[in-house]
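Quick look at data-v2.txt (compact mmCIF, C-alpha atoms):
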# COMPACT_ATOMS: atom_id res chain seq x y z
CA MET M 1364 -1.61 -91.29 17.62
CA LEU M 1365 1.56 -91.30 19.64
CA ASP M 1366 1.75 -87.98 21.43
CA LEU M 1367 3.23 -86.32 24.50
CA TYR M 1368 -0.10 -84.53 25.10
CA SER M 1369 -1.65 -84.68 28.55
CA PRO M 1370 -5.45 -84.30 28.36
CA GLY M 1371 -7.16 -81.58 30.34
CA SER M 1372 -9.53 -78.64 30.21
CA SER M 1373 -7.50 -75.83 31.80
CA LEU M 1374 -7.08 -72.34 30.42
CA LEU M 1375 -3.76 -73.38 28.92
CA HIS M 1376 -5.37 -76.32 27.16
CA ARG M 1377 -8.03 -74.06 25.66
CA LEU M 1378 -5.72 -71.32 24.39
CA PRO M 1379 -5.16 -71.45 20.62
CA PRO M 1380 -1.89 -73.25 19.74
CA ALA M 1381 -0.54 -70.28 17.80
CA ALA M 1382 -0.87 -68.01 20.87
CA LYS M 1383 0.90 -70.55 23.06
CA MET M 1384 3.76 -70.97 20.61
CA LEU M 1385 4.27 -67.22 20.29
CA ALA M 1386 4.16 -66.78 24.08
CA MET M 1387 6.71 -69.54 24.46
CA LEU M 1388 9.09 -68.00 21.92
CA LEU M 1389 8.77 -64.63 23.64
CA GLY M 1390 9.37 -66.19 27.08
CA ALA M 1391 12.40 -68.12 25.86
CA THR M 1392 13.92 -64.98 24.33
CA LEU M 1393 13.42 -63.05 27.56
CA LEU M 1394 15.05 -65.87 29.54
CA PHE M 1395 18.10 -65.55 27.32
CA LEU M 1396 18.34 -61.77 27.48
CA ASN M 1397 18.17 -61.80 31.26
CA GLU M 1398 21.51 -62.19 33.03
CA SER M 1399 20.46 -62.10 36.68
CA LEU M 1400 20.18 -65.17 38.88
CA PRO M 1401 17.26 -63.95 41.10
CA ILE M 1402 15.10 -63.21 38.05
CA THR M 1403 15.90 -66.65 36.62
CA VAL M 1404 14.90 -68.27 39.93
CA ALA M 1405 11.66 -66.28 39.94
CA ALA M 1406 10.97 -67.23 36.30
CA THR M 1407 11.57 -70.92 37.03
CA LEU M 1408 9.19 -70.82 40.00
CA GLY M 1409 6.65 -68.91 37.91
CA ILE M 1410 6.78 -71.52 35.15
CA LEU M 1411 6.50 -74.32 37.72
CA ALA M 1412 3.43 -72.58 39.17
CA LEU M 1413 1.79 -72.79 35.74
CA TYR M 1414 1.95 -76.61 35.88
CA PRO M 1415 -0.81 -77.03 38.53
CA ILE M 1416 -2.82 -74.33 36.72
CA ALA M 1417 -2.59 -76.47 33.57
CA GLN M 1418 -3.79 -79.52 35.59
CA LEU M 1419 -0.33 -81.06 35.43
CA THR M 1420 1.53 -82.57 38.37
CA LEU M 1421 5.03 -81.62 39.50
CA LYS M 1422 5.94 -85.22 38.73
CA GLN M 1423 5.16 -84.51 35.08
CA ALA M 1424 7.29 -81.37 35.30
CA PHE M 1425 10.21 -83.41 36.61
CA ALA M 1426 9.71 -86.00 33.88
CA GLN M 1427 10.50 -83.29 31.32
CA ILE M 1428 13.85 -82.59 32.96
CA ARG M 1429 14.84 -86.18 33.71
CA PRO M 1430 16.25 -87.17 30.28
CA LEU M 1431 18.62 -84.19 30.50
CA LEU M 1432 19.76 -84.80 34.06
CA ILE M 1433 23.16 -86.19 33.03
CA ILE M 1434 23.83 -83.15 30.85
CA PHE M 1435 22.75 -80.79 33.61
CA VAL M 1436 25.13 -82.43 36.07
CA LEU M 1437 27.94 -82.28 33.51
CA PHE M 1438 27.30 -78.60 32.72
CA PHE M 1439 26.99 -77.72 36.39
CA ALA M 1440 30.28 -79.42 37.21
CA VAL M 1441 32.15 -77.77 34.33
CA GLN M 1442 30.76 -74.30 35.10
CA TRP M 1443 31.35 -74.65 38.81
CA TYR M 1444 34.95 -75.66 38.24
CA PHE M 1445 35.72 -72.88 35.76
CA SER M 1446 33.41 -69.99 36.68
CA GLY M 1447 32.04 -70.48 40.19
CA ILE M 1448 28.85 -71.82 41.68
CA GLU M 1449 26.70 -68.78 40.94
CA LEU M 1450 27.10 -68.95 37.17
CA ALA M 1451 26.72 -72.74 37.29
CA THR M 1452 23.38 -72.39 39.07
CA TYR M 1453 22.25 -69.66 36.67
CA VAL M 1454 23.07 -71.65 33.53
CA VAL M 1455 21.48 -74.91 34.65
CA LEU M 1456 18.42 -73.16 36.06
CA ARG M 1457 17.94 -71.20 32.85
CA LEU M 1458 18.09 -74.43 30.86
CA ALA M 1459 15.58 -76.08 33.16
CA ALA M 1460 13.23 -73.07 32.93
CA LEU M 1461 13.48 -73.12 29.14
CA ILE M 1462 12.62 -76.80 28.90
CA LEU M 1463 9.80 -76.55 31.43
CA LEU M 1464 8.31 -73.63 29.49
CA ALA M 1465 8.52 -75.38 26.14
CA SER M 1466 7.16 -78.63 27.57
CA LEU M 1467 4.19 -76.73 28.92
CA VAL M 1468 3.14 -76.01 25.33
CA THR M 1469 3.81 -79.59 24.26
CA LEU M 1470 1.87 -81.09 27.19
CA THR M 1471 -1.21 -78.89 26.78
CA THR M 1472 -1.54 -79.02 22.98
CA LYS M 1473 -2.55 -82.00 20.87
CA SER M 1474 -0.04 -82.72 18.09
CA SER M 1475 -2.90 -82.83 15.60
CA ASP M 1476 -4.00 -79.31 16.63
CA MET M 1477 -0.46 -78.05 16.33
CA ILE M 1478 -0.11 -79.64 12.87
CA ASP M 1479 -3.39 -77.99 11.83
CA THR M 1480 -2.13 -74.61 13.00
CA MET M 1481 1.12 -75.08 11.14
CA THR M 1482 -0.52 -76.13 7.86
CA ARG M 1483 -2.91 -73.18 8.15
CA GLY M 1484 0.10 -70.93 8.67
CA LEU M 1485 1.66 -72.39 5.50
CA ARG M 1486 -0.99 -70.58 3.43
CA TYR M 1487 1.11 -67.46 3.85
CA LEU M 1488 4.06 -69.25 2.26
CA GLN M 1489 2.10 -70.15 -0.88
CA PRO M 1490 3.56 -67.22 -2.87
CA ILE M 1491 7.06 -68.71 -2.46
CA GLY M 1492 5.92 -72.09 -3.78
CA VAL M 1493 4.86 -73.99 -0.66
CA ASN M 1494 1.81 -76.17 -1.27
CA PRO M 1495 -0.08 -76.73 2.03
CA ALA M 1496 -1.99 -79.74 0.64
CA LYS M 1497 1.27 -81.51 -0.21
CA VAL M 1498 2.70 -80.71 3.19
CA SER M 1499 -0.27 -82.25 4.97
CA LEU M 1500 -0.06 -85.30 2.68
CA ALA M 1501 3.63 -85.65 3.61
CA ILE M 1502 2.84 -85.31 7.33
CA SER M 1503 0.16 -88.00 7.35
CA LEU M 1504 2.29 -90.33 5.19
CA ALA M 1505 5.31 -89.91 7.48
CA LEU M 1506 3.25 -90.72 10.59
CA ARG M 1507 1.87 -93.83 8.88
CA PHE M 1508 5.31 -94.96 7.66
CA ILE M 1509 6.94 -95.07 11.10
CA PRO M 1510 5.18 -98.25 12.36
CA VAL M 1511 5.42 -99.77 8.85
CA LEU M 1512 9.20 -99.30 8.80
CA ALA M 1513 9.48 -100.84 12.26
CA GLN M 1514 7.48 -103.84 10.96
CA ILE M 1515 9.68 -104.18 7.84
CA THR M 1516 12.79 -104.10 10.04
CA ARG M 1517 11.42 -106.91 12.22
CA GLU M 1518 10.61 -109.04 9.17
CA VAL M 1519 14.00 -108.53 7.51
CA ARG M 1520 15.79 -109.23 10.77
CA GLU M 1521 13.90 -112.49 11.18
CA ALA M 1522 14.69 -113.51 7.62
CA GLN M 1523 18.38 -112.75 8.10
CA LYS M 1524 18.40 -114.62 11.41
CA THR M 1525 17.77 -117.87 9.55
CA ARG M 1526 20.92 -117.09 7.57
CA GLY M 1527 22.87 -116.12 10.72
CA LEU M 1528 23.15 -112.54 9.48
CA GLU M 1529 20.89 -110.70 11.96
CA ARG M 1530 23.86 -108.88 13.51
CA SER M 1531 25.16 -107.50 10.22
CA VAL M 1532 24.02 -103.89 9.85
CA ILE M 1533 24.30 -103.89 6.06
CA ALA M 1534 22.58 -107.26 5.59
CA VAL M 1535 19.56 -105.96 7.51
CA ALA M 1536 19.53 -102.33 6.36
CA MET M 1537 19.97 -102.95 2.61
CA PRO M 1538 16.92 -105.20 2.02
CA MET M 1539 14.97 -102.98 4.39
CA ALA M 1540 15.80 -99.85 2.36
CA ILE M 1541 14.90 -101.55 -0.91
CA ARG M 1542 11.59 -102.80 0.43
CA ALA M 1543 10.80 -99.34 1.83
CA ILE M 1544 11.53 -97.62 -1.49
CA LYS M 1545 9.47 -100.21 -3.37
CA MET M 1546 6.60 -99.55 -0.98
CA ALA M 1547 6.95 -95.78 -1.49
CA ASP M 1548 6.84 -96.24 -5.28
CA GLU M 1549 3.69 -98.35 -5.03
CA ILE M 1550 2.02 -95.81 -2.74
CA SER M 1551 2.80 -92.87 -5.01
CA ASP M 1552 1.47 -94.83 -8.01
CA ALA M 1553 -1.67 -95.61 -6.02
CA ILE M 1554 -2.13 -91.94 -5.10
CA ASP M 1555 -1.62 -90.83 -8.70
CA SER M 1556 -3.90 -93.49 -10.13
CA ARG M 1557 -6.71 -92.23 -7.90
CA GLY M 1558 -6.38 -88.88 -9.60
CA TYR M 1559 -4.86 -86.99 -6.64
CA ARG M 1560 -4.21 -83.39 -7.67
CA SER M 1561 -3.09 -80.62 -5.43
CA MET V 1297 7.32 -81.69 -7.20
CA THR V 1298 5.64 -84.95 -8.15
CA THR V 1299 3.65 -87.20 -5.84
CA LYS V 1300 6.66 -89.51 -5.77
CA ASP V 1301 8.84 -86.73 -4.35
CA THR V 1302 6.29 -86.07 -1.60
CA VAL V 1303 6.14 -89.77 -0.71
CA TYR V 1304 9.95 -90.09 -0.63
CA ILE V 1305 10.21 -87.03 1.63
CA ALA V 1306 7.69 -88.60 4.01
CA LEU V 1307 9.53 -91.94 3.83
CA PHE V 1308 12.90 -90.52 4.85
CA ALA V 1309 11.35 -88.39 7.60
CA ALA V 1310 9.77 -91.60 8.90
CA LEU V 1311 13.07 -93.47 8.48
CA THR V 1312 14.83 -90.93 10.70
CA ALA V 1313 12.09 -91.41 13.29
CA ALA V 1314 12.29 -95.22 13.02
CA LEU V 1315 16.06 -95.10 13.56
CA GLY V 1316 15.31 -93.39 16.87
CA LEU V 1317 13.47 -96.53 17.98
CA MET V 1318 16.70 -98.53 17.83
CA PRO V 1319 18.25 -98.77 21.28
CA PRO V 1320 21.06 -96.20 21.58
CA LEU V 1321 24.60 -97.46 21.79
CA HIS V 1322 26.19 -97.00 25.20
CA PHE V 1323 29.90 -96.70 25.24
CA ALA V 1324 32.17 -95.05 27.78
CA GLY V 1325 29.67 -96.33 30.35
CA ALA V 1326 27.58 -93.67 32.07
CA ALA V 1327 30.27 -91.02 31.63
CA LEU V 1328 28.80 -89.76 28.35
CA PRO V 1329 25.34 -89.62 26.81
CA PRO V 1330 24.60 -92.61 24.56
CA ILE V 1331 25.02 -92.43 20.79
CA SER V 1332 21.91 -92.92 18.68
CA ALA V 1333 21.55 -94.14 15.12
CA GLN V 1334 19.28 -91.24 14.28
CA SER V 1335 21.70 -89.00 12.41
CA LEU V 1336 22.13 -91.90 9.98
CA GLY V 1337 18.76 -90.76 8.65
CA VAL V 1338 20.21 -87.30 7.95
CA MET V 1339 23.09 -88.82 6.01
CA LEU V 1340 20.95 -91.27 4.04
CA ALA V 1341 18.25 -88.74 3.14
CA GLY V 1342 20.82 -86.37 1.66
CA ALA V 1343 22.91 -88.99 -0.11
CA VAL V 1344 19.92 -90.87 -1.58
CA LEU V 1345 17.35 -88.12 -2.25
CA GLY V 1346 19.57 -85.15 -3.09
CA ALA V 1347 19.62 -81.60 -1.77
CA LYS V 1348 16.02 -80.46 -2.08
CA ARG V 1349 14.14 -83.62 -1.12
CA GLY V 1350 16.70 -84.62 1.54
CA GLY V 1351 16.55 -81.20 3.18
CA LEU V 1352 12.75 -81.18 3.09
CA ALA V 1353 12.59 -84.70 4.59
CA LEU V 1354 14.58 -83.55 7.63
CA LEU V 1355 12.64 -80.29 7.83
CA LEU V 1356 9.47 -82.38 8.02
CA PHE V 1357 11.03 -84.56 10.72
CA ILE V 1358 12.07 -81.54 12.83
CA ALA V 1359 8.59 -80.01 12.41
CA LEU V 1360 7.02 -83.24 13.69
CA VAL V 1361 9.38 -83.21 16.69
CA ALA V 1362 8.57 -79.55 17.34
CA VAL V 1363 4.82 -80.16 17.48
CA GLY V 1364 5.40 -82.62 20.29
CA LEU V 1365 5.70 -86.09 18.80
CA PRO V 1366 8.22 -88.21 20.73
CA LEU V 1367 10.27 -89.13 17.67
CA LEU V 1368 13.78 -88.44 18.93
CA SER V 1369 15.76 -91.35 20.38
CA GLY V 1370 14.66 -92.16 23.90
CA GLY V 1371 11.13 -90.95 23.14
CA ARG V 1372 12.00 -87.28 23.40
CA GLY V 1373 10.21 -84.53 21.53
CA GLY V 1374 8.63 -81.10 21.78
CA PHE V 1375 10.02 -77.59 21.66
CA GLY V 1376 12.04 -78.12 24.82
CA VAL V 1377 14.51 -80.50 23.19
CA LEU V 1378 15.00 -78.17 20.24
CA MET V 1379 15.87 -75.35 22.62
CA GLY V 1380 18.08 -77.44 24.87
CA THR V 1381 21.81 -78.02 24.70
CA SER V 1382 21.68 -80.34 21.70
CA GLY V 1383 19.10 -78.22 19.86
CA GLY V 1384 21.69 -76.83 17.45
CA PHE V 1385 22.54 -80.30 16.22
CA LEU V 1386 18.90 -81.13 15.62
CA LEU V 1387 18.09 -77.83 13.91
CA SER V 1388 21.12 -78.24 11.65
CA TRP V 1389 19.84 -81.56 10.28
CA PRO V 1390 17.90 -80.13 7.32
CA ILE V 1391 20.86 -78.06 6.08
CA CYS V 1392 23.30 -80.93 6.72
CA SER V 1393 21.12 -83.24 4.66
CA ALA V 1394 20.80 -80.59 1.94
CA LEU V 1395 24.59 -80.11 1.78
CA ILE V 1396 25.21 -83.86 1.52
CA GLY V 1397 22.55 -84.04 -1.18
CA TYR V 1398 23.99 -81.11 -3.11
CA LEU V 1399 27.49 -82.63 -3.17
CA ALA V 1400 26.21 -86.14 -3.94
CA GLU V 1401 24.06 -84.91 -6.84
CA ARG V 1402 26.96 -83.06 -8.44
CA ASP V 1403 29.06 -86.21 -8.43
CA ARG V 1404 26.79 -89.17 -9.09
CA GLU V 1405 29.52 -91.47 -10.41
CA GLY V 1406 32.01 -90.62 -7.66
CA GLY V 1407 31.93 -94.01 -5.90
CA ALA V 1408 31.49 -94.92 -2.24
CA LEU V 1409 34.70 -93.31 -0.99
CA LYS V 1410 33.92 -89.83 -2.30
CA LEU V 1411 30.30 -90.21 -1.23
CA GLY V 1412 31.59 -91.02 2.26
CA ALA V 1413 33.66 -87.82 2.23
CA TYR V 1414 30.58 -85.76 1.30
CA ILE V 1415 28.56 -87.45 4.02
CA ALA V 1416 31.28 -86.72 6.56
CA LEU V 1417 31.42 -83.08 5.45
CA GLY V 1418 27.68 -82.55 5.89
CA GLY V 1419 26.97 -85.06 8.63
CA ILE V 1420 29.92 -84.33 10.90
CA VAL V 1421 31.74 -81.10 9.97
CA LEU V 1422 28.68 -78.93 9.24
CA MET V 1423 26.59 -80.51 12.01
CA TYR V 1424 29.29 -79.83 14.60
CA ALA V 1425 29.88 -76.34 13.16
CA VAL V 1426 26.27 -75.45 14.01
CA GLY V 1427 25.76 -77.62 17.09
CA ILE V 1428 28.90 -76.81 19.07
CA PRO V 1429 28.53 -72.98 19.06
CA TRP V 1430 24.84 -73.47 19.98
CA MET V 1431 25.83 -75.67 22.90
CA ALA V 1432 28.49 -73.16 23.95
CA PHE V 1433 25.92 -70.35 23.83
CA ILE V 1434 23.02 -72.12 25.57
CA GLY V 1435 25.21 -73.60 28.26
CA LYS V 1436 27.53 -70.56 28.53
CA LEU V 1437 30.29 -73.12 28.17
CA GLY V 1438 32.78 -71.56 25.80
CA MET V 1439 33.89 -73.09 22.52
CA ALA V 1440 36.88 -75.07 23.80
CA LYS V 1441 34.93 -76.89 26.48
CA SER V 1442 31.98 -77.64 24.18
CA LEU V 1443 34.41 -78.94 21.57
CA SER V 1444 36.04 -81.30 24.06
CA ILE V 1445 32.62 -82.71 25.08
CA MET V 1446 31.81 -83.48 21.45
CA VAL V 1447 35.06 -85.34 20.76
CA ALA V 1448 33.48 -88.40 22.39
CA TYR V 1449 30.86 -88.52 19.63
CA VAL V 1450 33.31 -88.58 16.71
CA PRO V 1451 34.02 -92.36 16.65
CA GLY V 1452 30.30 -93.19 16.62
CA ASP V 1453 29.66 -90.64 13.88
CA LEU V 1454 32.47 -92.06 11.76
CA ILE V 1455 30.88 -95.52 11.96
CA LYS V 1456 27.60 -93.98 10.79
CA VAL V 1457 29.37 -92.30 7.85
CA VAL V 1458 30.76 -95.66 6.70
CA VAL V 1459 27.37 -97.39 7.00
CA ALA V 1460 25.58 -94.51 5.22
CA ALA V 1461 28.12 -94.43 2.38
CA ILE V 1462 27.83 -98.18 1.71
CA LEU V 1463 24.03 -98.15 1.85
CA ALA V 1464 23.61 -95.01 -0.26
CA GLU V 1465 26.09 -96.16 -2.90
CA ASN V 1466 24.30 -99.51 -3.23
CA LEU V 1467 20.93 -97.78 -3.41
CA ARG V 1468 22.20 -95.43 -6.12
CA LYS V 1469 23.22 -98.48 -8.12
CA ALA V 1470 19.96 -100.34 -7.49
CA TYR V 1471 17.76 -97.33 -8.28
CA PRO V 1472 19.69 -95.11 -10.72
CA ASN V 1473 16.82 -92.65 -11.23
CA LEU V 1474 15.57 -92.34 -7.68

Would you write out, as structure tokens, the structure that this file holds?
Amino acid sequence: MLDLYSPGSSLLHRLPPAAKMLAMLLGATLLFLNESLPITVAATLGILALYPIAQLTLKQAFAQIRPLLIIFVLFFAVQWYFSGIELATYVVLRLAALILLASLVTLTTKSSDMIDTMTRGLRYLQPIGVNPAKVSLAISLALRFIPVLAQITREVREAQKTRGLERSVIAVAMPMAIRAIKMADEISDAIDSRGYRS
Amino acid sequence: MTTKDTVYIALFAALTAALGLMPPLHFAGAALPPISAQSLGVMLAGAVLGAKRGGLALLLFIALVAVGLPLLSGGRGGFGVLMGTSGGFLLSWPICSALIGYLAERDREGGALKLGAYIALGGIVLMYAVGIPWMAFIGKLGMAKSLSIMVAYVPGDLIKVVVAAILAENLRKAYPNL
């Protein structure tokens, strides 16, 4: 399965996903309540120190930040111009710390484990009408549909190419949507005809 | 909810993910982040499936992103993105889709133009109303500055509204009891 997980056997890998998620939410809240730059610097360094402990490299840590680099530069420039360099450093560092902390959970937990934890947690929502079995059916169907939809798009695009229409958004998207809905109807009939009850 | 509803919810969650695979549109060069087709999924789910199923489809999508699947455009995912500067936009997707669905369900015979207005209301106005204050708060930017950053996204979003309205209206005609 496609996943951002990085395999390992560290303490952070072995912690139960629920504990990690709660710790992350607590840490993120504390980062927001804190207004001082030195504490934010210390927190960022502390979070970075957890990366080697979790058998992750600093290169992996940087890879988490890289997609947001443009936004960081933009924010830094705007804050520096309007409010001074200290606030600019604080804001960007806090953002980086937040993302590094959250990525730590993502990198050390398999998506499948996290999904299991979430569906187990859904038991508590049963009284308000949530059906955990249907949720896990929806999750596995969605994950299976993604490559199928990509395949349908390729096929429709090829078909429209022969008509010179491959650049028309509507001419590609419309047949694709109809085929996808047809497929969904067939799948739900197939599930029902096998006597699926939940 | 029937099995069909569950399958449709999964389908539109997957559709939103698949739209993230399309290469994002770069305009304004490197000056601004690229515009992705992904929020088209939000608009379509609401307009085609209605409030409840559309909202749940996007809730499922966000849950899958949160557990660490790289389903956002550019292969991003995990809690970090949801907490970052654009997290408000992402977290608003389920309610945006639900609002579009609620309006579209109330007015099934309204035609493409009115449907487009509903999509714009949920997919631009509501999304920005959640996302911009979030960005202002997380980045300590202030509302005015955050607002001016987002202006660059409006043209791209308007194109998506037009595409979503045409597609959803045609789908409503092709499948009247979806």

Within 10 Å of region 1402-1406 of chain V, counting all atoms listed in the file, which residues qualify if same-chain residues fewer than 5 places away don't, as a compact mmCIF listing (two decimals) with C-alpha atoms, in the coordinates of the input?
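Below is the file that was written, around_35.txt:
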# COMPACT_ATOMS: atom_id res chain seq x y z
CA ALA V 1343 22.91 -88.99 -0.11
CA GLY V 1346 19.57 -85.15 -3.09
CA GLY V 1397 22.55 -84.04 -1.18
CA LEU V 1411 30.30 -90.21 -1.23
CA GLY V 1412 31.59 -91.02 2.26
CA TYR V 1414 30.58 -85.76 1.30
CA GLU V 1465 26.09 -96.16 -2.90
CA ARG V 1468 22.20 -95.43 -6.12
CA LYS V 1469 23.22 -98.48 -8.12
CA PRO V 1472 19.69 -95.11 -10.72

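We find CA of Leu1315 (chain V) and CA of Ala1505 (chain M) to be spaced 13.4 Å apart.
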
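Distances from M:Ala1465, M:Ala1460, M:Asp1552, M:Thr1480 to Ala1405 (chain M) were compared using all atoms listed in the file, and the smallest one belongs to M:Ala1460.
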
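When CA of Leu1422 (chain V) is paired with CA of Gly1350 (chain V), their separation reads 15.3 Å.
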
Would you write out, as JSON lines, a table of all residues in region 1402-1483 of chain M that have an atom no more than 10 Å from an atom of region 1491-1499 of chain M, listing for each the closest atom pair and the distance in Å to one decimal, considering only C-alpha atoms and ordering rows by chain and rising residue number?
{"residue": "M:Ile1478", "atom": "CA", "partner": "M:Ser1499", "partner_atom": "CA", "distance": 8.3}
{"residue": "M:Asp1479", "atom": "CA", "partner": "M:Ser1499", "partner_atom": "CA", "distance": 8.7}
{"residue": "M:Met1481", "atom": "CA", "partner": "M:Pro1495", "partner_atom": "CA", "distance": 9.3}
{"residue": "M:Thr1482", "atom": "CA", "partner": "M:Pro1495", "partner_atom": "CA", "distance": 5.9}
{"residue": "M:Arg1483", "atom": "CA", "partner": "M:Pro1495", "partner_atom": "CA", "distance": 7.6}

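Excluding Leu1461 (chain M) itself and same-chain residues fewer than 5 positions from it, the residues having an atom within 9 Å of it are Met1387, Gly1390, Ala1391, Leu1394, Thr1407, Leu1456 and Ser1466 of chain M; Gly1376, Met1379 and Gly1380 of chain V, counting only C-alpha atoms.
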
| task | Do a neighbour search on Met1423 (chain V) at 12 Å with all atoms listed in the file, toss out local chain neighbours closer than 5 positions, and write the hits as a VMD selection string. | result | chain V and resid 1335 1338 to 1339 1382 to 1396 1415 to 1418 1428 to 1431 1446 1449 to 1450 1453

| message | Could you list, as a ChimeraX atom specification, every residue within 12 Å of Ala1406 (chain M), counting all atoms listed in the file and ignoring same-chain residues fewer than 3 positions away? | response | /M:1390-1391,1393-1395,1397,1399-1403,1409-1413,1453,1456-1461,1463-1464

Around region 1492-1508 of chain M, with edges along x, y and z and 3 Å added on all six sides, what centre and edge lengths do you get, in Å to one decimal, as lines of an AutoDock Vina configuration file?
center_x = 2.0
center_y = -83.5
center_z = 3.4
size_x = 13.9
size_y = 28.9
size_z = 20.4
